[in-house]
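A short write-up of the structure that comes next.
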Amino acid sequence: MKIFHIVGARPNFMKVAPVLTALKGRKNVEQTLVHTGQHYDVNMSDIFFEQLGIPAPDVNLAVGSGSHAKQTAEIMMRLEPVVVERQPDLVLVYGDVNSTVATALVCAKLGVRVGHVEAGLRSFDRTMPEEINRLVTDQLADLLFTPSEDGDENLRREGIAEEKIFRVGNVMIDSLVRLLPAARKTLQTKTNDLPERYALVTLHRPANVDDSATLKGILESLLEVNRDLAVIFPAHPRTRKRIADFGLQAGQLRVLDPLPYVDFLGMQSRATVVITDSGGIQEETTYLGVPCLTVRENTERPITVSMGTNVLVGRDPQKLRGELGRVLAGNAKKGTVPPLWDGRTGERIADIVIGRPSGA
Ligand code: UD1
């Protein structure tokens, strides 16, 4: 059985690693890893491959950045001949990035089966580019691997046939479970550079960073946080660029380059609080039991709010201040780890994939 994995952006890498490993141990499986090149900086891509033990991609489409249409179209144009030539039996796509939807479109039109890992998540906010990617990918996929029950319900409501839906748990947590010991070790070597208590911040959503007034407001809130708690801010290239383009000041915030996976995981595990607009980090903090304040009005990962440590603070500085006050007073929201976030999701996906070869 020929299986393709298509990845392109940073959040895909921790999801593909466990599935690659699980399928490596199975009989008659030939795997091909395709990197679309959506993320290309060393610290957005290569370092993740290295730390997660992902083999070098068999194919790199090197599409780079561009508008949504351009990037998606480039991926489609460069991927199509590869799929036509190599004839995979199944193509696995991950998450909700442009590489995910572009691949689903190419394969659906070629009649090649697609499996979507992390299916069914919905923010119900179509201004978010990822929501469009999720909706389209799930309509086109043949196998839909969901992390939690809300995913199954969303898919049913959208008319997806029950037999295509497989609740397998959260695959990103597999990588976390595997690398947490290494992350803690790495952290120990750096404790001298780290304050005892700190807020770890990430921001990169277009809705937060592409508008000058919004980004200015968020930075002002973070400067206020920084008076009570040191703010450590590994910034996505997009965010760095916007801060410079808009002539904004990050003042006393400790703005760093994006961190490698293991280093960031270590920092999360010891953070007093995490402030973020990322999707995956809402889940990682829930697993780690670290308070998470999400700078968004909605989330496609509601289980992190209903069961986990996540609180949506939107862009309201008062809400952020109030929730931060709770954390500093030792009254942070407590949470539990959702079912099937157990480090074995990659194996469950492999079982299903192998049990359902093409044409089955
Ligand atoms: C993408 C995903 C988003 C995910 C995020 C994680 C889509 C629609 N968005 O957003 O869901 O949360 O990745 O990081 O797929 N850039 C670099 N170096 C890189 C990559 C990008 O400098 O290695 C810069 C470029 O200025 C580029 C910008 O980042 O214009 C945006 O990159 P892109 O991949 O289009 O989207 P992200 O914002 O990274």
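Ligands are numbered from 1 in the order shown, chains are lettered A, B, ... in the order of the structure tokens, and residues start at 1 in each chain.
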Go through chain A and flag each residue having an atom no more than 10 Å from ligand 1; for those, report the closest pair of atoms plus their distance in Å to one decimal, using only C-alpha atoms and all ligand atoms, ordered by chain and rising number, as JSON lines.
```
{"residue": "A:Gly8", "atom": "CA", "partner": "ligand 1", "partner_atom_place_in_ligand_line": "34 (O)", "distance": 8.1}
{"residue": "A:Ala9", "atom": "CA", "partner": "ligand 1", "partner_atom_place_in_ligand_line": "13 (O)", "distance": 5.3}
{"residue": "A:Arg10", "atom": "CA", "partner": "ligand 1", "partner_atom_place_in_ligand_line": "14 (O)", "distance": 5.2}
{"residue": "A:Pro11", "atom": "CA", "partner": "ligand 1", "partner_atom_place_in_ligand_line": "6 (C)", "distance": 5.6}
{"residue": "A:Asn12", "atom": "CA", "partner": "ligand 1", "partner_atom_place_in_ligand_line": "6 (C)", "distance": 8.6}
{"residue": "A:Gly37", "atom": "CA", "partner": "ligand 1", "partner_atom_place_in_ligand_line": "23 (O)", "distance": 8.1}
{"residue": "A:Gln38", "atom": "CA", "partner": "ligand 1", "partner_atom_place_in_ligand_line": "34 (O)", "distance": 5.1}
{"residue": "A:His39", "atom": "CA", "partner": "ligand 1", "partner_atom_place_in_ligand_line": "23 (O)", "distance": 3.6}
{"residue": "A:Tyr40", "atom": "CA", "partner": "ligand 1", "partner_atom_place_in_ligand_line": "23 (O)", "distance": 3.8}
{"residue": "A:Asp41", "atom": "CA", "partner": "ligand 1", "partner_atom_place_in_ligand_line": "23 (O)", "distance": 3.8}
{"residue": "A:Val42", "atom": "CA", "partner": "ligand 1", "partner_atom_place_in_ligand_line": "23 (O)", "distance": 7.2}
{"residue": "A:Asn43", "atom": "CA", "partner": "ligand 1", "partner_atom_place_in_ligand_line": "23 (O)", "distance": 7.5}
{"residue": "A:Met44", "atom": "CA", "partner": "ligand 1", "partner_atom_place_in_ligand_line": "23 (O)", "distance": 5.1}
{"residue": "A:Ser45", "atom": "CA", "partner": "ligand 1", "partner_atom_place_in_ligand_line": "23 (O)", "distance": 6.7}
{"residue": "A:Asp46", "atom": "CA", "partner": "ligand 1", "partner_atom_place_in_ligand_line": "23 (O)", "distance": 9.6}
{"residue": "A:Val63", "atom": "CA", "partner": "ligand 1", "partner_atom_place_in_ligand_line": "34 (O)", "distance": 9.8}
{"residue": "A:Gly64", "atom": "CA", "partner": "ligand 1", "partner_atom_place_in_ligand_line": "20 (C)", "distance": 7.1}
{"residue": "A:Ser65", "atom": "CA", "partner": "ligand 1", "partner_atom_place_in_ligand_line": "30 (O)", "distance": 5.0}
{"residue": "A:Gly66", "atom": "CA", "partner": "ligand 1", "partner_atom_place_in_ligand_line": "30 (O)", "distance": 6.0}
{"residue": "A:Ser67", "atom": "CA", "partner": "ligand 1", "partner_atom_place_in_ligand_line": "35 (O)", "distance": 7.0}
{"residue": "A:His68", "atom": "CA", "partner": "ligand 1", "partner_atom_place_in_ligand_line": "8 (C)", "distance": 6.9}
{"residue": "A:Lys70", "atom": "CA", "partner": "ligand 1", "partner_atom_place_in_ligand_line": "35 (O)", "distance": 9.8}
{"residue": "A:Gln71", "atom": "CA", "partner": "ligand 1", "partner_atom_place_in_ligand_line": "35 (O)", "distance": 7.3}
{"residue": "A:Thr72", "atom": "CA", "partner": "ligand 1", "partner_atom_place_in_ligand_line": "15 (O)", "distance": 8.8}
{"residue": "A:Gly95", "atom": "CA", "partner": "ligand 1", "partner_atom_place_in_ligand_line": "11 (O)", "distance": 8.1}
{"residue": "A:Asp96", "atom": "CA", "partner": "ligand 1", "partner_atom_place_in_ligand_line": "11 (O)", "distance": 6.0}
{"residue": "A:Val97", "atom": "CA", "partner": "ligand 1", "partner_atom_place_in_ligand_line": "15 (O)", "distance": 3.2}
{"residue": "A:Asn98", "atom": "CA", "partner": "ligand 1", "partner_atom_place_in_ligand_line": "15 (O)", "distance": 3.9}
{"residue": "A:Ser99", "atom": "CA", "partner": "ligand 1", "partner_atom_place_in_ligand_line": "15 (O)", "distance": 6.5}
{"residue": "A:Thr100", "atom": "CA", "partner": "ligand 1", "partner_atom_place_in_ligand_line": "15 (O)", "distance": 7.9}
{"residue": "A:Val101", "atom": "CA", "partner": "ligand 1", "partner_atom_place_in_ligand_line": "15 (O)", "distance": 8.9}
{"residue": "A:Ala102", "atom": "CA", "partner": "ligand 1", "partner_atom_place_in_ligand_line": "15 (O)", "distance": 9.9}
{"residue": "A:Met128", "atom": "CA", "partner": "ligand 1", "partner_atom_place_in_ligand_line": "8 (C)", "distance": 8.4}
{"residue": "A:Pro129", "atom": "CA", "partner": "ligand 1", "partner_atom_place_in_ligand_line": "8 (C)", "distance": 5.3}
{"residue": "A:Glu130", "atom": "CA", "partner": "ligand 1", "partner_atom_place_in_ligand_line": "8 (C)", "distance": 5.4}
{"residue": "A:Glu131", "atom": "CA", "partner": "ligand 1", "partner_atom_place_in_ligand_line": "8 (C)", "distance": 9.0}
{"residue": "A:Ile132", "atom": "CA", "partner": "ligand 1", "partner_atom_place_in_ligand_line": "8 (C)", "distance": 9.0}
{"residue": "A:Asn133", "atom": "CA", "partner": "ligand 1", "partner_atom_place_in_ligand_line": "8 (C)", "distance": 7.5}
{"residue": "A:Leu203", "atom": "CA", "partner": "ligand 1", "partner_atom_place_in_ligand_line": "12 (O)", "distance": 9.4}
{"residue": "A:His204", "atom": "CA", "partner": "ligand 1", "partner_atom_place_in_ligand_line": "38 (O)", "distance": 6.2}
{"residue": "A:Arg205", "atom": "CA", "partner": "ligand 1", "partner_atom_place_in_ligand_line": "38 (O)", "distance": 6.6}
{"residue": "A:Pro206", "atom": "CA", "partner": "ligand 1", "partner_atom_place_in_ligand_line": "38 (O)", "distance": 6.9}
{"residue": "A:Val209", "atom": "CA", "partner": "ligand 1", "partner_atom_place_in_ligand_line": "38 (O)", "distance": 9.6}
{"residue": "A:Asp210", "atom": "CA", "partner": "ligand 1", "partner_atom_place_in_ligand_line": "38 (O)", "distance": 9.9}
{"residue": "A:His236", "atom": "CA", "partner": "ligand 1", "partner_atom_place_in_ligand_line": "14 (O)", "distance": 6.8}
{"residue": "A:Pro237", "atom": "CA", "partner": "ligand 1", "partner_atom_place_in_ligand_line": "22 (O)", "distance": 4.7}
{"residue": "A:Arg238", "atom": "CA", "partner": "ligand 1", "partner_atom_place_in_ligand_line": "29 (O)", "distance": 4.3}
{"residue": "A:Thr239", "atom": "CA", "partner": "ligand 1", "partner_atom_place_in_ligand_line": "29 (O)", "distance": 8.0}
{"residue": "A:Arg240", "atom": "CA", "partner": "ligand 1", "partner_atom_place_in_ligand_line": "22 (O)", "distance": 9.1}
{"residue": "A:Lys241", "atom": "CA", "partner": "ligand 1", "partner_atom_place_in_ligand_line": "26 (O)", "distance": 7.1}
{"residue": "A:Arg242", "atom": "CA", "partner": "ligand 1", "partner_atom_place_in_ligand_line": "26 (O)", "distance": 9.2}
{"residue": "A:Pro258", "atom": "CA", "partner": "ligand 1", "partner_atom_place_in_ligand_line": "14 (O)", "distance": 9.5}
{"residue": "A:Asp277", "atom": "CA", "partner": "ligand 1", "partner_atom_place_in_ligand_line": "12 (O)", "distance": 8.7}
{"residue": "A:Ser278", "atom": "CA", "partner": "ligand 1", "partner_atom_place_in_ligand_line": "12 (O)", "distance": 6.1}
{"residue": "A:Gly279", "atom": "CA", "partner": "ligand 1", "partner_atom_place_in_ligand_line": "12 (O)", "distance": 6.9}
{"residue": "A:Gly280", "atom": "CA", "partner": "ligand 1", "partner_atom_place_in_ligand_line": "12 (O)", "distance": 8.2}
```
Those in range 210-298 of chain A with alpha helix (DSSP H) from DSSP, as a PyMOL selection string = chain A and resi 212-228+237-245+261-270+280-288
Contact residues around Val84 in chain A with only C-alpha atoms at 10 Å, ignoring same-chain residues under 6 positions, as a ChimeraX atom specification | /A:106-107,110,112
C-alpha atoms of the current selection, written as a short mmCIF file (atom, residue, chain, number, x, y, z; two decimals), in the first residue's frame:
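In the end it all went to out.cif:
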```
data_model
loop_
_atom_site.label_atom_id
_atom_site.label_comp_id
_atom_site.auth_asym_id
_atom_site.auth_seq_id
_atom_site.Cartn_x
_atom_site.Cartn_y
_atom_site.Cartn_z
CA VAL A 106 -5.93 17.74 -6.06
CA CYS A 107 -6.56 14.21 -4.82
CA LEU A 110 -7.83 12.63 -9.39
CA VAL A 112 -7.26 9.36 -5.03
#
```
Counting only C-alpha atoms, closest pick from A:Ala235, A:Leu328, A:Leu105, A:Ala62 relative to Glu74 in chain A is A:Ala62
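Across the model, the gap from CA of Gly251 in chain A to CA of Met267 in chain A is 21.5 Å.
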Pick from A:Leu179, A:Phe264, A:Met172, A:Leu222: nearest to Gln318 in chain A, with only C-alpha atoms counted?
-> A:Leu222
